[in-house]
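One structure below.
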Amino acid sequence: MSPVHLRHWPGDPARPALAIHCMMGSSRAFDPVAARLGGRVALHGFDLPSHGRSAKWRPEAGEDYHSTVTRIARGLIRDITGDGPLDLIGHSIGATVALRIAVDRPALVRSLTLIEPVLFAASPRGHPLDGQLAELAAGGRMEQATRLFMDMWGGPGGFDALPPATRQAAVAQVPLILETGPAMSGDCHHILRPGGLEGILAPVMLIAGADSPPVIAEIAETLAARLADVGRASVPGAGHMLPMTHPAQVAGLIAVNLDRS
């Protein structure tokens, strides 16, 4: 197992792009979307630590999980572009990492596509499961916590639809969900700081599943109100895992944003 497993979907070398996947997934989640983009971009990706074929997360001193993923993404951007602009695509936690990069370094981003960013600090209600997940985990009921999480944020059928090996892997990843609470619900990295979102001048596309939990629409509302150039789209019949369940619609919306940049 490599420290960080990298992926590359060939395409236009003059149009580099980076895709960052969701928690409890892998970069393979973007395979269907990449296929439907038809080589419009040279798309790169990686498996998050403790996901897919990447090694288990081992935090460096003072670095939380969100910062580790952000550091990996920034390093890959340097490798791909020499610190130049690229198209940035993120799903779920991957979208929050993409947004963090865009806030910190707006000049790195040619276009920004955010698919269901789970920056719960942007919603008045916050993460609807925070307290329940923490309580279950504290009691050692990790499978119940995983079921609760996957039934809300997983694909069709939730936890019960997963193959046994995938269920086991998901249970092992629940501590990472809890570990990212300060970043997602507390915005400890100040993504929402005054002037931050307003400094992103690249075109932004916010994509949501129409059947996703209401908190997703609340997050999108907050972000859209502060972004300079933003489009919003809701995919009918889709939930949180729409890059896998509705790849044609997602790819089409990404293409719209590529055309705007």
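Chain lettering (A, B, ...) mirrors the order of the structure tokens, residue numbering begins at 1 for each chain separately, and ligand numbering begins at 1 in order of display.
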Using only C-alpha atoms, determine which residues lie at most 12 Å from Val256 of chain A, disregarding the query and same-chain residues fewer than 2 positions distant; provide the list as a PDB file with C-alpha atoms, in the first residue's frame.
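Result file follows (around_1.pdb):
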ATOM      1  CA  LEU A  37     -15.962  14.388 -19.427  1.00  0.00           C
ATOM      2  CA  ARG A  40     -11.789  17.752 -21.652  1.00  0.00           C
ATOM      3  CA  SER A 111     -12.656  26.930 -11.859  1.00  0.00           C
ATOM      4  CA  LEU A 112     -14.101  25.435  -8.693  1.00  0.00           C
ATOM      5  CA  THR A 113     -16.792  22.743  -8.637  1.00  0.00           C
ATOM      6  CA  PRO A 203     -16.337  30.626 -11.416  1.00  0.00           C
ATOM      7  CA  VAL A 204     -17.829  28.311  -8.807  1.00  0.00           C
ATOM      8  CA  MET A 205     -20.453  25.623  -9.346  1.00  0.00           C
ATOM      9  CA  LEU A 206     -22.344  24.279  -6.321  1.00  0.00           C
ATOM     10  CA  ILE A 207     -23.934  20.899  -7.081  1.00  0.00           C
ATOM     11  CA  VAL A 230     -21.445  31.242  -8.616  1.00  0.00           C
ATOM     12  CA  GLY A 231     -23.926  28.858 -10.165  1.00  0.00           C
ATOM     13  CA  ARG A 232     -26.120  26.393  -8.289  1.00  0.00           C
ATOM     14  CA  ALA A 233     -27.616  23.140  -9.505  1.00  0.00           C
ATOM     15  CA  GLN A 249     -25.551  14.962 -14.812  1.00  0.00           C
ATOM     16  CA  VAL A 250     -22.535  15.747 -12.626  1.00  0.00           C
ATOM     17  CA  ALA A 251     -20.152  15.643 -15.592  1.00  0.00           C
ATOM     18  CA  GLY A 252     -22.464  17.899 -17.554  1.00  0.00           C
ATOM     19  CA  LEU A 253     -22.514  20.465 -14.754  1.00  0.00           C
ATOM     20  CA  ILE A 254     -18.735  20.315 -14.362  1.00  0.00           C
ATOM     21  CA  LEU A 258     -15.294  24.585 -17.294  1.00  0.00           C
ATOM     22  CA  ASP A 259     -16.865  26.600 -20.101  1.00  0.00           C
ATOM     23  CA  ARG A 260     -17.308  29.559 -17.746  1.00  0.00           C
ATOM     24  CA  SER A 261     -13.613  29.787 -16.875  1.00  0.00           C
TER      25      SER A 261
END
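Per DSSP on the backbone, strand (DSSP E) in segment 28-124 of chain A comprises Ala42, Leu43, His44, Gly45, Phe46, Leu86, Asp87, Leu88, Ile89, Gly90, His91, Val109, Arg110, Ser111, Leu112, Thr113, Leu114 and Ile115 of chain A.
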Report as a tab-separated table the residues of segment 101-137 of chain A within 9 Å of segment 148-169 of chain A, each with its shortest atom pair and distance in Å (one decimal), using only C-alpha atoms, ordered by chain and increasing residue number.
residue	atom	partner	partner_atom	distance
A:Leu129	CA	A:Phe149	CA	7.6
A:Gln132	CA	A:Leu148	CA	8.6
A:Leu133	CA	A:Leu148	CA	7.7
Save out the residues we just selected, C-alpha atoms, as a PDB file, in the first residue's frame.
ATOM      1  CA  LEU A 129     -25.693  13.653  13.462  1.00  0.00           C
ATOM      2  CA  GLN A 132     -25.497  10.920  18.060  1.00  0.00           C
ATOM      3  CA  LEU A 133     -22.288   9.768  16.357  1.00  0.00           C
TER       4      LEU A 133
END
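Distance-wise, atom CA of His5 of chain A and atom CA of Phe46 of chain A end up 5.5 Å apart.
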Exercise for review: Name all residues at most 12 Å from segment 184-199 of chain A (count only C-alpha atoms; drop same-chain ones fewer than 5 positions away) and give them as a PyMOL selection string.
Suggested key: chain A and resi 63-67+70+92-107+109+112+117-131+176-179+204+215+219+222-230
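Taking atom CA of Gly209 of chain A and atom CA of Cys22 of chain A as the two end points, the separation is 14.5 Å.
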Review point. How would you write, as a ChimeraX atom specification, the set of residues in segment 130-200 of chain A that DSSP gives as alpha helix (DSSP H)?
Key: /A:130-138,142-153,164-179,181-184
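One distance worth recording is that between atom CA of Ala55 of chain A and atom CA of Ser27 of chain A, which is 13.9 Å.
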Check your understanding: Which of these, A:Arg71, A:His91, A:Lys56, A:His8, has the shortest distance to His21 of chain A once you count only C-alpha atoms?
Key -> A:His91
Exercise for review: Could you tell me which of A:Gln144, A:Thr81, A:Ser234, A:Ser2 comes closest to Pro49 of chain A if we count only C-alpha atoms?
Suggested key: A:Ser2
If you take only C-alpha atoms and a cut-off of 6 Å, which residues of segment 55-108 of chain A touch segment 16-20 of chain A, and what are their nearest atom pairs and distances in Å to one decimal, in chain and number order, as a Markdown table?
| residue | atom | partner | partner_atom | distance |
| --- | --- | --- | --- | --- |
| A:Leu86 | CA | A:Ala17 | CA | 5.3 |
| A:Asp87 | CA | A:Ala17 | CA | 4.4 |
| A:Leu88 | CA | A:Leu18 | CA | 5.1 |
| A:Ile89 | CA | A:Ala19 | CA | 4.6 |
| A:Gly90 | CA | A:Ile20 | CA | 4.7 |
| A:Gly94 | CA | A:Ile20 | CA | 4.6 |
So that I have them on file, write out the residues from the current selection with N, CA, C and O atoms, as a PDB file, in the first residue's frame.
ATOM      1  N   LEU A  86      -5.497  25.654 -12.020  1.00  0.00           N
ATOM      2  CA  LEU A  86      -6.103  24.419 -12.505  1.00  0.00           C
ATOM      3  C   LEU A  86      -7.567  24.400 -12.120  1.00  0.00           C
ATOM      4  O   LEU A  86      -8.031  25.212 -11.310  1.00  0.00           O
ATOM      5  N   ASP A  87      -8.302  23.463 -12.723  1.00  0.00           N
ATOM      6  CA  ASP A  87      -9.699  23.256 -12.378  1.00  0.00           C
ATOM      7  C   ASP A  87      -9.765  22.328 -11.169  1.00  0.00           C
ATOM      8  O   ASP A  87      -9.167  21.252 -11.159  1.00  0.00           O
ATOM      9  N   LEU A  88     -10.491  22.743 -10.150  1.00  0.00           N
ATOM     10  CA  LEU A  88     -10.537  22.027  -8.881  1.00  0.00           C
ATOM     11  C   LEU A  88     -11.950  21.526  -8.647  1.00  0.00           C
ATOM     12  O   LEU A  88     -12.918  22.297  -8.726  1.00  0.00           O
ATOM     13  N   ILE A  89     -12.063  20.225  -8.366  1.00  0.00           N
ATOM     14  CA  ILE A  89     -13.359  19.565  -8.185  1.00  0.00           C
ATOM     15  C   ILE A  89     -13.313  18.798  -6.867  1.00  0.00           C
ATOM     16  O   ILE A  89     -12.355  18.063  -6.610  1.00  0.00           O
ATOM     17  N   GLY A  90     -14.320  18.947  -6.035  1.00  0.00           N
ATOM     18  CA  GLY A  90     -14.337  18.214  -4.778  1.00  0.00           C
ATOM     19  C   GLY A  90     -15.735  17.742  -4.437  1.00  0.00           C
ATOM     20  O   GLY A  90     -16.733  18.385  -4.790  1.00  0.00           O
ATOM     21  N   GLY A  94     -14.022  16.332   0.352  1.00  0.00           N
ATOM     22  CA  GLY A  94     -13.141  16.782  -0.716  1.00  0.00           C
ATOM     23  C   GLY A  94     -13.497  18.173  -1.205  1.00  0.00           C
ATOM     24  O   GLY A  94     -12.615  18.958  -1.578  1.00  0.00           O
TER      25      GLY A  94
END
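Proximity of A:Arg147, A:Arg15, A:Arg7, A:Arg78 to Asp47 of chain A, computed with only C-alpha atoms, is greatest for A:Arg7.
Of the residues under consideration (A:Pro3, A:Pro13, A:Gly140, A:Gly25), A:Pro13 shows the shortest atom-to-atom contact distance to Leu43 of chain A when counting only C-alpha atoms.
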